[in-house]
Amino acid sequence: MKSVILACLALSIMLSAKVHAAENLLIISIDGLRWQEVFQGIDSSIVELQSNEQQQGLKKDFSADTEALKRQKLMPFLWQELVKKGLIIGNRTLGSKMNVSNDMWFSYPGYNELLTGKPDPKITSNDNVPNTNITFLEWLNQQSGYQNKVAAFGSWDVFPAIINQQRSGVMVNAGFESAVWPNLSAKAQWLNTLQQQIPSPWHNVRFDAFTVGFASEYIDTHHPKVIYIALGETDDYAHQGHYAEYIRGAHRDDQFIALLWQQLQSIKSYHNNTNLIITVDHGRGNTAQMWQHHSSHKVMKKSATTDAESQGIIGSDQIWLAAMGPDIKPLGELSIAGQYYLSQVAATALNFLNFLPSNYATDIGSTINIMQSNP
């Protein structure tokens with residue numbers, strides 16, 4: 001009898017200890033990708049405003065008879081693999097809502113909220129200045145087992161400042177920076193050369209292919225436990241009003257995420273040992289006339305010329321989140337009414353890694369309840 005009790009006690013301890021399955025985390029943000037395209041596919045009202053050639057190309061590649069098929073054509077990995085195995089939040093037509101908490105509705109405030117778990121009212125611009133706030137990436141980089149095991153890659157050249165690379169010690173590669181880490185692979189060296197030879201349409205944002213390429217090579221060489229990848233093409237093409245390129249950028253990003261996930265599953269230390277979170281820093285306008293813009297009324301009222309402009313870009317605080325991995329409930333597309341915020345991602349990420357979010361900060365957004373087993 002005593003041996004039975006001891007065996008049951010041992011089993012109970014083992015089960016309680018195995019709350020979290022995965023030791024690694026991949027977080028990906030896609031700058032300003034609207035929930036409308038993610039859940040409904042290409043927007044016909046915007047397509048009709050494009051040139052005939054662009055209309056034909058978009059309809060050929062991304063149109064379908066139903067929204068479900070259209071969104072699968074746009075982001076096949078997201079809908080055919082991730083959502084089937086994990087979950088997605090933010091389809092407002094089903095009552096699932098997610099928003100930013102900051103009152104700016106543009107990038108630096110959004111990324112700060114994502115990475116610190118709370119908005120900072122002092123951040124009111126996208127200026128390339130070091131963040132005074134400590135991101136959870138920086139905090140993790142100081143924890144036992146995670147030192148020098150946190151890495152970030154971004155298409156926008158402001159990420160070294162957002163993560164405060166100099167203070168945090170986090171390995172950050174962003175903008176047009178070359179790979180300079182130890183033991184550079186031949187491919188990483190080739191990417192360094194190629195990045196200098198291929199001009200970007202933008203002065204401070206590189207193509208996402210380089211961001212993903214550098215991240216992939218770093219993963220192969222250094223096996224970081226926490227990886228943050230910030231993709232940016234979608235936002236810049238949108239600001240230029242190039243809906244076709246915005247759509248194709250989103251499609252490429254879906255393919256990049258699929259390749260990264262396949263890579264991780266092919267490496268023993270990551271296989272079935274990694275959780276994935278995908279989200280955005282802000283939304284965009286919710287009409288065909290305003291889709292390319294984003295900013296709140298607080299920002300817009302400074303330069304507004306009409307009453308409509310002074311209200312801000314309606315819809316650009318609306319975002320979404322998808323997740324998949326051994327610790328994540330396979331809930332599919334959330335259709336239960338609920339309200340979530342970008343400020344909750346930091347606590348959720350830390351919870352996945354078996355850290356108490358309160359040990360990082362006590363004033364951040366609460367954990368989103370999407371784990372298979374919560375402590």
# chains A, B, ... in the order shown; residues from 1 in each chain; ligands from 1
$ select_by_dssp --residues "segment 63-107 of chain A" --states "strand (DSSP E or B)" --output "VMD selection string"
chain A and resid 87 to 89 96 to 99
$ write_last_selection --atoms "N, CA, C and O atoms" --output "compact mmCIF listing (two decimals), in the first residue's frame"
# COMPACT_ATOMS: atom_id res chain seq x y z
N LEU A 87 -4.66 28.37 -33.02
CA LEU A 87 -5.81 29.26 -32.90
C LEU A 87 -5.52 30.61 -33.53
O LEU A 87 -4.37 30.98 -33.77
N ILE A 88 -6.58 31.35 -33.77
CA ILE A 88 -6.45 32.72 -34.26
C ILE A 88 -7.54 33.58 -33.64
O ILE A 88 -8.69 33.15 -33.49
N ILE A 89 -7.16 34.77 -33.23
CA ILE A 89 -8.03 35.74 -32.54
C ILE A 89 -8.16 36.99 -33.41
O ILE A 89 -7.18 37.43 -34.01
N SER A 96 -14.91 38.25 -32.11
CA SER A 96 -13.59 38.10 -31.51
C SER A 96 -12.79 39.37 -31.79
O SER A 96 -12.47 39.66 -32.95
N LYS A 97 -12.46 40.11 -30.76
CA LYS A 97 -11.84 41.42 -30.94
C LYS A 97 -10.47 41.50 -30.28
O LYS A 97 -10.26 40.97 -29.19
N MET A 98 -9.56 42.17 -30.97
CA MET A 98 -8.26 42.46 -30.40
C MET A 98 -7.85 43.86 -30.83
O MET A 98 -8.05 44.24 -32.00
N ASN A 99 -7.31 44.63 -29.91
CA ASN A 99 -6.94 46.02 -30.16
C ASN A 99 -5.59 46.34 -29.53
O ASN A 99 -5.13 45.62 -28.64
$ residues_around --residues "Leu49 of chain A" --least-positions-apart "4" --cutoff "12 Å" --atoms "only C-alpha atoms" --output "mmCIF file with C-alpha atoms, in the first residue's frame"
data_model
loop_
_atom_site.group_PDB
_atom_site.id
_atom_site.type_symbol
_atom_site.label_atom_id
_atom_site.label_comp_id
_atom_site.auth_asym_id
_atom_site.auth_seq_id
_atom_site.Cartn_x
_atom_site.Cartn_y
_atom_site.Cartn_z
ATOM 1 C CA ASP A 43 -10.861 43.354 -50.381
ATOM 2 C CA SER A 44 -12.792 43.729 -53.649
ATOM 3 C CA SER A 45 -13.651 47.361 -52.902
ATOM 4 C CA GLU A 53 -3.438 45.080 -64.819
ATOM 5 C CA GLN A 54 -3.214 44.933 -61.023
ATOM 6 C CA GLN A 55 -6.892 43.966 -60.751
ATOM 7 C CA GLN A 56 -6.426 41.088 -63.147
ATOM 8 C CA LEU A 58 -4.920 40.013 -57.892
ATOM 9 C CA GLY A 241 -1.114 52.877 -51.857
ATOM 10 C CA HIS A 242 0.182 49.756 -53.644
ATOM 11 C CA TYR A 243 -2.530 47.286 -52.684
ATOM 12 C CA ALA A 244 -1.231 44.592 -55.040
ATOM 13 C CA THR A 287 -12.484 51.635 -45.865
ATOM 14 C CA ALA A 288 -11.241 51.551 -49.446
ATOM 15 C CA GLN A 289 -10.411 55.237 -49.149
ATOM 16 C CA TRP A 291 -6.973 51.456 -45.872
#
$ select_by_dssp --residues "segment 70-178 of chain A" --states "helix (DSSP H, G or I)" --output "short mmCIF file (atom, residue, chain, number, x, y, z; two decimals) with N, CA, C and O atoms, in the first residue's frame"
data_model
loop_
_atom_site.label_atom_id
_atom_site.label_comp_id
_atom_site.auth_asym_id
_atom_site.auth_seq_id
_atom_site.Cartn_x
_atom_site.Cartn_y
_atom_site.Cartn_z
N LYS A 70 -10.66 32.55 -50.17
CA LYS A 70 -9.82 33.72 -50.46
C LYS A 70 -8.71 33.87 -49.43
O LYS A 70 -7.56 34.12 -49.77
N ARG A 71 -9.05 33.71 -48.17
CA ARG A 71 -8.04 33.88 -47.14
C ARG A 71 -7.02 32.74 -47.18
O ARG A 71 -5.85 32.95 -46.85
N GLN A 72 -7.46 31.56 -47.59
CA GLN A 72 -6.51 30.45 -47.73
C GLN A 72 -5.54 30.70 -48.88
O GLN A 72 -4.37 30.34 -48.80
N LYS A 73 -6.03 31.33 -49.95
CA LYS A 73 -5.13 31.65 -51.06
C LYS A 73 -4.11 32.70 -50.65
O LYS A 73 -2.95 32.65 -51.07
N LEU A 74 -4.55 33.65 -49.84
CA LEU A 74 -3.65 34.72 -49.41
C LEU A 74 -2.60 34.20 -48.43
O LEU A 74 -1.40 34.47 -48.57
N PRO A 76 -1.88 30.64 -47.05
CA PRO A 76 -2.15 29.19 -46.95
C PRO A 76 -1.58 28.52 -45.70
O PRO A 76 -2.23 27.65 -45.12
N PHE A 77 -0.38 28.90 -45.28
CA PHE A 77 0.18 28.28 -44.08
C PHE A 77 -0.65 28.62 -42.86
O PHE A 77 -0.96 27.76 -42.02
N LEU A 78 -1.04 29.88 -42.75
CA LEU A 78 -1.83 30.32 -41.61
C LEU A 78 -3.12 29.52 -41.49
O LEU A 78 -3.45 29.02 -40.41
N TRP A 79 -3.83 29.37 -42.61
CA TRP A 79 -5.16 28.78 -42.55
C TRP A 79 -5.18 27.26 -42.72
O TRP A 79 -6.06 26.59 -42.18
N GLN A 80 -4.23 26.73 -43.43
CA GLN A 80 -4.26 25.28 -43.68
C GLN A 80 -3.46 24.49 -42.65
O GLN A 80 -3.65 23.29 -42.51
N GLU A 81 -2.55 25.13 -41.95
CA GLU A 81 -1.77 24.42 -40.94
C GLU A 81 -1.91 25.05 -39.57
O GLU A 81 -2.33 24.39 -38.62
N LEU A 82 -1.56 26.32 -39.42
CA LEU A 82 -1.51 26.92 -38.09
C LEU A 82 -2.88 26.91 -37.41
O LEU A 82 -3.00 26.46 -36.28
N VAL A 83 -3.90 27.42 -38.09
CA VAL A 83 -5.21 27.53 -37.44
C VAL A 83 -5.79 26.15 -37.14
O VAL A 83 -6.49 25.96 -36.15
N LYS A 84 -5.48 25.16 -37.98
CA LYS A 84 -5.98 23.80 -37.74
C LYS A 84 -5.35 23.17 -36.51
O LYS A 84 -5.95 22.33 -35.84
N LYS A 85 -4.11 23.58 -36.21
CA LYS A 85 -3.40 23.01 -35.07
C LYS A 85 -3.38 23.94 -33.87
O LYS A 85 -3.09 23.52 -32.74
N ARG A 92 -13.52 40.09 -36.20
CA ARG A 92 -14.52 40.92 -35.55
C ARG A 92 -15.93 40.62 -36.03
O ARG A 92 -16.90 40.92 -35.33
N THR A 93 -16.06 40.02 -37.21
CA THR A 93 -17.40 39.64 -37.68
C THR A 93 -17.97 38.49 -36.84
O THR A 93 -19.19 38.27 -36.84
N LEU A 94 -17.11 37.78 -36.11
CA LEU A 94 -17.56 36.70 -35.22
C LEU A 94 -17.59 37.15 -33.77
O LEU A 94 -17.86 36.34 -32.88
N SER A 107 3.61 52.58 -35.34
CA SER A 107 4.56 51.49 -35.12
C SER A 107 5.34 51.51 -33.80
O SER A 107 5.29 50.54 -33.04
N TYR A 108 6.13 52.52 -33.53
CA TYR A 108 6.96 52.48 -32.32
C TYR A 108 6.12 52.28 -31.07
O TYR A 108 6.42 51.39 -30.25
N PRO A 109 5.02 53.03 -30.89
CA PRO A 109 4.18 52.76 -29.71
C PRO A 109 3.64 51.34 -29.69
O PRO A 109 3.51 50.73 -28.63
N GLY A 110 3.31 50.81 -30.90
CA GLY A 110 2.79 49.45 -30.97
C GLY A 110 3.83 48.41 -30.62
O GLY A 110 3.56 47.47 -29.85
N TYR A 111 5.02 48.56 -31.14
CA TYR A 111 6.07 47.59 -30.83
C TYR A 111 6.50 47.67 -29.38
O TYR A 111 6.82 46.65 -28.76
N ASN A 112 6.52 48.87 -28.83
CA ASN A 112 6.81 49.00 -27.41
C ASN A 112 5.76 48.27 -26.58
O ASN A 112 6.09 47.54 -25.64
N GLU A 113 4.50 48.43 -26.93
CA GLU A 113 3.42 47.75 -26.20
C GLU A 113 3.55 46.24 -26.33
O GLU A 113 3.40 45.50 -25.35
N LEU A 114 3.84 45.77 -27.53
CA LEU A 114 4.02 44.34 -27.77
C LEU A 114 5.14 43.76 -26.91
O LEU A 114 4.99 42.69 -26.31
N LEU A 115 6.26 44.47 -26.83
CA LEU A 115 7.46 43.93 -26.21
C LEU A 115 7.62 44.28 -24.73
O LEU A 115 8.48 43.72 -24.05
N THR A 116 6.80 45.21 -24.23
CA THR A 116 6.88 45.55 -22.80
C THR A 116 5.61 45.20 -22.04
O THR A 116 5.60 45.20 -20.81
N PHE A 136 10.54 42.59 -22.61
CA PHE A 136 10.68 41.26 -22.01
C PHE A 136 11.81 40.48 -22.67
O PHE A 136 12.36 39.56 -22.07
N LEU A 137 12.21 40.88 -23.88
CA LEU A 137 13.38 40.27 -24.51
C LEU A 137 14.64 40.59 -23.72
O LEU A 137 15.48 39.72 -23.47
N GLU A 138 14.76 41.85 -23.32
CA GLU A 138 15.91 42.25 -22.52
C GLU A 138 15.91 41.55 -21.17
O GLU A 138 16.96 41.06 -20.70
N TRP A 139 14.75 41.46 -20.56
CA TRP A 139 14.64 40.80 -19.25
C TRP A 139 15.01 39.32 -19.37
O TRP A 139 15.77 38.79 -18.54
N LEU A 140 14.50 38.65 -20.41
CA LEU A 140 14.83 37.24 -20.60
C LEU A 140 16.32 37.03 -20.82
O LEU A 140 16.89 36.04 -20.35
N PHE A 159 14.42 49.03 -34.97
CA PHE A 159 14.35 47.98 -33.95
C PHE A 159 15.53 47.94 -32.98
O PHE A 159 15.34 47.62 -31.79
N PRO A 160 16.76 48.23 -33.41
CA PRO A 160 17.82 48.29 -32.40
C PRO A 160 17.53 49.31 -31.30
O PRO A 160 17.91 49.10 -30.13
N ALA A 161 16.82 50.39 -31.65
CA ALA A 161 16.44 51.38 -30.64
C ALA A 161 15.26 50.90 -29.81
O ALA A 161 15.24 51.08 -28.58
N ILE A 162 14.27 50.29 -30.44
CA ILE A 162 13.09 49.82 -29.72
C ILE A 162 13.49 48.80 -28.66
O ILE A 162 12.99 48.80 -27.53
N GLN A 165 19.32 47.91 -28.03
CA GLN A 165 20.34 46.89 -28.19
C GLN A 165 21.57 47.13 -27.32
O GLN A 165 22.11 46.21 -26.72
N GLN A 166 22.01 48.38 -27.26
CA GLN A 166 23.24 48.67 -26.51
C GLN A 166 23.09 48.35 -25.03
O GLN A 166 23.98 47.78 -24.41
N ARG A 167 21.95 48.70 -24.45
CA ARG A 167 21.74 48.44 -23.03
C ARG A 167 21.36 46.99 -22.76
O ARG A 167 21.81 46.38 -21.79
N SER A 168 20.50 46.46 -23.62
CA SER A 168 19.92 45.14 -23.37
C SER A 168 20.88 43.99 -23.62
O SER A 168 20.76 42.92 -23.00
#
$ closest_residue --among "A:Glu48, A:Glu23, A:Glu177, A:Asp127" --to "Lys149 of chain A" --atoms "only C-alpha atoms"
A:Glu23
$ residues_around --residues "Ala347 of chain A" --least-positions-apart "6" --cutoff "9 Å" --atoms "only C-alpha atoms" --output "PyMOL selection string"
chain A and resi 116-117+136+355-358+360-361+364-368
$ residues_around --residues "Gly249 of chain A" --least-positions-apart "4" --cutoff "10 Å" --atoms "only C-alpha atoms" --output "mmCIF file with N, CA, C and O atoms, in the first residue's frame"
data_model
loop_
_atom_site.group_PDB
_atom_site.id
_atom_site.type_symbol
_atom_site.label_atom_id
_atom_site.label_comp_id
_atom_site.auth_asym_id
_atom_site.auth_seq_id
_atom_site.Cartn_x
_atom_site.Cartn_y
_atom_site.Cartn_z
ATOM 1 N N ILE A 30 3.871 41.185 -38.261
ATOM 2 C CA ILE A 30 3.737 41.600 -39.660
ATOM 3 C C ILE A 30 3.176 43.018 -39.638
ATOM 4 O O ILE A 30 2.011 43.227 -39.319
ATOM 5 N N LEU A 33 -0.602 44.652 -41.013
ATOM 6 C CA LEU A 33 -1.447 43.794 -41.846
ATOM 7 C C LEU A 33 -2.848 43.754 -41.242
ATOM 8 O O LEU A 33 -3.047 43.286 -40.128
ATOM 9 N N LEU A 74 -4.546 33.654 -49.842
ATOM 10 C CA LEU A 74 -3.648 34.715 -49.407
ATOM 11 C C LEU A 74 -2.601 34.196 -48.430
ATOM 12 O O LEU A 74 -1.405 34.471 -48.571
ATOM 13 N N PHE A 207 13.922 44.583 -47.579
ATOM 14 C CA PHE A 207 12.982 43.536 -47.954
ATOM 15 C C PHE A 207 12.940 42.465 -46.864
ATOM 16 O O PHE A 207 13.957 42.109 -46.264
ATOM 17 N N ASP A 208 11.745 41.916 -46.647
ATOM 18 C CA ASP A 208 11.577 40.897 -45.615
ATOM 19 C C ASP A 208 12.402 39.647 -45.888
ATOM 20 O O ASP A 208 12.775 38.919 -44.955
ATOM 21 N N LEU A 231 8.558 41.663 -39.539
ATOM 22 C CA LEU A 231 8.470 41.845 -40.983
ATOM 23 C C LEU A 231 7.796 43.177 -41.290
ATOM 24 O O LEU A 231 6.886 43.600 -40.564
ATOM 25 N N GLY A 232 8.216 43.835 -42.372
ATOM 26 C CA GLY A 232 7.766 45.213 -42.547
ATOM 27 C C GLY A 232 7.208 45.622 -43.888
ATOM 28 O O GLY A 232 6.637 46.709 -44.007
ATOM 29 N N GLU A 233 7.369 44.816 -44.930
ATOM 30 C CA GLU A 233 6.980 45.247 -46.278
ATOM 31 C C GLU A 233 5.523 45.670 -46.382
ATOM 32 O O GLU A 233 5.190 46.626 -47.093
ATOM 33 N N THR A 234 4.636 44.950 -45.694
ATOM 34 C CA THR A 234 3.204 45.221 -45.836
ATOM 35 C C THR A 234 2.867 46.675 -45.509
ATOM 36 O O THR A 234 2.099 47.318 -46.235
ATOM 37 N N ASP A 235 3.439 47.193 -44.455
ATOM 38 C CA ASP A 235 3.117 48.562 -44.046
ATOM 39 C C ASP A 235 3.622 49.581 -45.054
ATOM 40 O O ASP A 235 2.912 50.538 -45.391
ATOM 41 N N ASP A 236 4.821 49.381 -45.565
ATOM 42 C CA ASP A 236 5.397 50.374 -46.472
ATOM 43 C C ASP A 236 4.705 50.373 -47.829
ATOM 44 O O ASP A 236 4.470 51.437 -48.416
ATOM 45 N N TYR A 237 4.380 49.191 -48.330
ATOM 46 C CA TYR A 237 3.621 49.143 -49.582
ATOM 47 C C TYR A 237 2.237 49.766 -49.396
ATOM 48 O O TYR A 237 1.722 50.450 -50.288
ATOM 49 N N ALA A 238 1.637 49.545 -48.225
ATOM 50 C CA ALA A 238 0.320 50.123 -47.973
ATOM 51 C C ALA A 238 0.372 51.645 -47.950
ATOM 52 O O ALA A 238 -0.478 52.319 -48.535
ATOM 53 N N TYR A 243 -1.787 48.395 -53.287
ATOM 54 C CA TYR A 243 -2.530 47.286 -52.684
ATOM 55 C C TYR A 243 -2.035 45.934 -53.194
ATOM 56 O O TYR A 243 -1.943 44.965 -52.429
ATOM 57 N N ALA A 244 -1.708 45.855 -54.479
ATOM 58 C CA ALA A 244 -1.231 44.592 -55.040
ATOM 59 C C ALA A 244 0.051 44.141 -54.343
ATOM 60 O O ALA A 244 0.199 42.960 -53.992
ATOM 61 N N GLU A 245 0.975 45.065 -54.109
ATOM 62 C CA GLU A 245 2.231 44.701 -53.447
ATOM 63 C C GLU A 245 2.021 44.433 -51.958
ATOM 64 O O GLU A 245 2.709 43.597 -51.366
ATOM 65 N N ASP A 253 5.101 36.782 -46.744
ATOM 66 C CA ASP A 253 5.371 36.625 -45.316
ATOM 67 C C ASP A 253 4.797 35.311 -44.801
ATOM 68 O O ASP A 253 5.418 34.642 -43.962
ATOM 69 N N ASP A 254 3.636 34.929 -45.273
ATOM 70 C CA ASP A 254 3.064 33.644 -44.901
ATOM 71 C C ASP A 254 3.988 32.508 -45.332
ATOM 72 O O ASP A 254 4.221 31.549 -44.574
ATOM 73 N N GLN A 255 4.552 32.613 -46.529
ATOM 74 C CA GLN A 255 5.492 31.599 -47.007
ATOM 75 C C GLN A 255 6.774 31.593 -46.178
ATOM 76 O O GLN A 255 7.315 30.519 -45.869
#
$ closest_residue --among "A:Ser266, A:Tyr341, A:Lys301, A:Lys225" --to "Ser144 of chain A" --atoms "only C-alpha atoms"
A:Lys225
$ closest_residue --among "A:Ile227, A:His251, A:Gly154, A:Ile278" --to "Phe210 of chain A" --atoms "only C-alpha atoms"
A:Gly154
$ atom_distance --atom1 "atom CA of Ile267 of chain A" --atom2 "atom CA of Ala151 of chain A"
17.3 Å
$ residues_around --residues "Asn164 of chain A" --least-positions-apart "5" --cutoff "8 Å" --atoms "only C-alpha atoms" --output "list in words"
Pro130, Asn131, Thr132 and Phe159 of chain A
$ write_last_selection --atoms "all heavy atoms" --output "CSV table (one decimal), in the first residue's frame"
chain,number,residue,atom,x,y,z
A,130,PRO,N,16.6,55.5,-28.5
A,130,PRO,CA,16.6,54.3,-27.7
A,130,PRO,C,15.4,54.3,-26.7
A,130,PRO,O,15.1,55.3,-26.1
A,130,PRO,CB,17.9,54.4,-26.9
A,130,PRO,CG,18.8,55.2,-27.8
A,130,PRO,CD,17.9,56.2,-28.4
A,131,ASN,N,14.8,53.1,-26.6
A,131,ASN,CA,13.7,52.9,-25.7
A,131,ASN,C,14.1,52.9,-24.3
A,131,ASN,O,15.0,52.2,-23.9
A,131,ASN,CB,13.0,51.6,-26.1
A,131,ASN,CG,11.6,51.5,-25.5
A,131,ASN,OD1,11.2,52.3,-24.7
A,131,ASN,ND2,10.9,50.4,-25.9
A,132,THR,N,13.5,53.8,-23.5
A,132,THR,CA,13.9,53.8,-22.0
A,132,THR,C,13.2,52.6,-21.3
A,132,THR,O,13.6,52.3,-20.2
A,132,THR,CB,13.4,55.1,-21.4
A,132,THR,OG1,12.0,55.2,-21.5
A,132,THR,CG2,14.1,56.3,-22.0
A,159,PHE,N,14.4,49.0,-35.0
A,159,PHE,CA,14.4,48.0,-34.0
A,159,PHE,C,15.5,47.9,-33.0
A,159,PHE,O,15.3,47.6,-31.8
A,159,PHE,CB,14.1,46.6,-34.6
A,159,PHE,CG,12.7,46.4,-34.9
A,159,PHE,CD1,12.2,46.5,-36.1
A,159,PHE,CD2,11.8,46.1,-33.8
A,159,PHE,CE1,10.8,46.4,-36.4
A,159,PHE,CE2,10.4,45.9,-34.1
A,159,PHE,CZ,9.9,46.1,-35.4
$ atom_distance --atom1 "atom CA of Ile314 of chain A" --atom2 "atom CA of Asn91 of chain A"
16.5 Å
$ closest_residue --among "A:Gln263, A:Gln147, A:Asn128, A:Ser316" --to "Gly32 of chain A" --atoms "only C-alpha atoms"
A:Ser316
$ decode --residues "segment 175-183 of chain A" --atoms "all heavy atoms" --output "PDB file, in the first residue's frame"
ATOM      1  N   GLY A 175      17.079  46.652 -40.237  1.00  0.00           N
ATOM      2  CA  GLY A 175      17.354  47.647 -41.266  1.00  0.00           C
ATOM      3  C   GLY A 175      18.290  47.072 -42.309  1.00  0.00           C
ATOM      4  O   GLY A 175      18.069  45.976 -42.816  1.00  0.00           O
ATOM      5  N   PHE A 176      19.331  47.797 -42.622  1.00  0.00           N
ATOM      6  CA  PHE A 176      20.290  47.341 -43.632  1.00  0.00           C
ATOM      7  C   PHE A 176      21.578  46.824 -43.008  1.00  0.00           C
ATOM      8  O   PHE A 176      22.614  46.741 -43.670  1.00  0.00           O
ATOM      9  CB  PHE A 176      20.578  48.486 -44.607  1.00  0.00           C
ATOM     10  CG  PHE A 176      19.338  48.986 -45.299  1.00  0.00           C
ATOM     11  CD1 PHE A 176      18.742  50.177 -44.901  1.00  0.00           C
ATOM     12  CD2 PHE A 176      18.756  48.256 -46.312  1.00  0.00           C
ATOM     13  CE1 PHE A 176      17.591  50.640 -45.521  1.00  0.00           C
ATOM     14  CE2 PHE A 176      17.607  48.705 -46.939  1.00  0.00           C
ATOM     15  CZ  PHE A 176      17.013  49.900 -46.550  1.00  0.00           C
ATOM     16  N   GLU A 177      21.498  46.441 -41.731  1.00  0.00           N
ATOM     17  CA  GLU A 177      22.679  45.918 -41.057  1.00  0.00           C
ATOM     18  C   GLU A 177      23.107  44.588 -41.675  1.00  0.00           C
ATOM     19  O   GLU A 177      22.279  43.757 -42.048  1.00  0.00           O
ATOM     20  CB  GLU A 177      22.388  45.703 -39.569  1.00  0.00           C
ATOM     21  CG  GLU A 177      22.225  46.988 -38.777  1.00  0.00           C
ATOM     22  CD  GLU A 177      21.956  46.713 -37.309  1.00  0.00           C
ATOM     23  OE1 GLU A 177      21.435  45.633 -36.994  1.00  0.00           O
ATOM     24  OE2 GLU A 177      22.268  47.588 -36.488  1.00  0.00           O
ATOM     25  N   SER A 178      24.402  44.392 -41.741  1.00  0.00           N
ATOM     26  CA  SER A 178      24.950  43.113 -42.173  1.00  0.00           C
ATOM     27  C   SER A 178      25.007  42.153 -40.999  1.00  0.00           C
ATOM     28  O   SER A 178      24.977  42.566 -39.831  1.00  0.00           O
ATOM     29  CB  SER A 178      26.355  43.298 -42.745  1.00  0.00           C
ATOM     30  OG  SER A 178      26.337  44.081 -43.917  1.00  0.00           O
ATOM     31  N   ALA A 179      25.083  40.880 -41.292  1.00  0.00           N
ATOM     32  CA  ALA A 179      25.325  39.876 -40.259  1.00  0.00           C
ATOM     33  C   ALA A 179      26.774  39.984 -39.801  1.00  0.00           C
ATOM     34  O   ALA A 179      27.690  39.979 -40.628  1.00  0.00           O
ATOM     35  CB  ALA A 179      25.050  38.490 -40.818  1.00  0.00           C
ATOM     36  N   VAL A 180      26.977  40.104 -38.489  1.00  0.00           N
ATOM     37  CA  VAL A 180      28.343  40.263 -37.956  1.00  0.00           C
ATOM     38  C   VAL A 180      28.614  39.296 -36.807  1.00  0.00           C
ATOM     39  O   VAL A 180      29.627  39.427 -36.131  1.00  0.00           O
ATOM     40  CB  VAL A 180      28.588  41.714 -37.480  1.00  0.00           C
ATOM     41  CG1 VAL A 180      28.559  42.681 -38.648  1.00  0.00           C
ATOM     42  CG2 VAL A 180      27.556  42.127 -36.417  1.00  0.00           C
ATOM     43  N   TRP A 181      27.702  38.343 -36.596  1.00  0.00           N
ATOM     44  CA  TRP A 181      27.891  37.436 -35.467  1.00  0.00           C
ATOM     45  C   TRP A 181      28.993  36.419 -35.767  1.00  0.00           C
ATOM     46  O   TRP A 181      29.378  36.226 -36.923  1.00  0.00           O
ATOM     47  CB  TRP A 181      26.584  36.726 -35.125  1.00  0.00           C
ATOM     48  CG  TRP A 181      25.904  36.068 -36.297  1.00  0.00           C
ATOM     49  CD1 TRP A 181      26.195  34.857 -36.867  1.00  0.00           C
ATOM     50  CD2 TRP A 181      24.796  36.589 -37.033  1.00  0.00           C
ATOM     51  NE1 TRP A 181      25.346  34.585 -37.907  1.00  0.00           N
ATOM     52  CE2 TRP A 181      24.463  35.632 -38.034  1.00  0.00           C
ATOM     53  CE3 TRP A 181      24.029  37.758 -36.949  1.00  0.00           C
ATOM     54  CZ2 TRP A 181      23.421  35.817 -38.932  1.00  0.00           C
ATOM     55  CZ3 TRP A 181      22.992  37.944 -37.847  1.00  0.00           C
ATOM     56  CH2 TRP A 181      22.693  36.980 -38.824  1.00  0.00           C
ATOM     57  N   PRO A 182      29.499  35.741 -34.737  1.00  0.00           N
ATOM     58  CA  PRO A 182      30.583  34.763 -34.950  1.00  0.00           C
ATOM     59  C   PRO A 182      30.140  33.591 -35.823  1.00  0.00           C
ATOM     60  O   PRO A 182      28.951  33.266 -35.901  1.00  0.00           O
ATOM     61  CB  PRO A 182      30.904  34.277 -33.523  1.00  0.00           C
ATOM     62  CG  PRO A 182      30.375  35.357 -32.629  1.00  0.00           C
ATOM     63  CD  PRO A 182      29.180  35.926 -33.323  1.00  0.00           C
ATOM     64  N   ASN A 183      31.105  32.980 -36.490  1.00  0.00           N
ATOM     65  CA  ASN A 183      30.888  31.774 -37.295  1.00  0.00           C
ATOM     66  C   ASN A 183      29.852  31.995 -38.400  1.00  0.00           C
ATOM     67  O   ASN A 183      28.925  31.201 -38.574  1.00  0.00           O
ATOM     68  CB  ASN A 183      30.444  30.606 -36.397  1.00  0.00           C
ATOM     69  CG  ASN A 183      31.430  30.315 -35.286  1.00  0.00           C
ATOM     70  OD1 ASN A 183      32.642  30.307 -35.508  1.00  0.00           O
ATOM     71  ND2 ASN A 183      30.920  30.090 -34.086  1.00  0.00           N
TER      72      ASN A 183
END
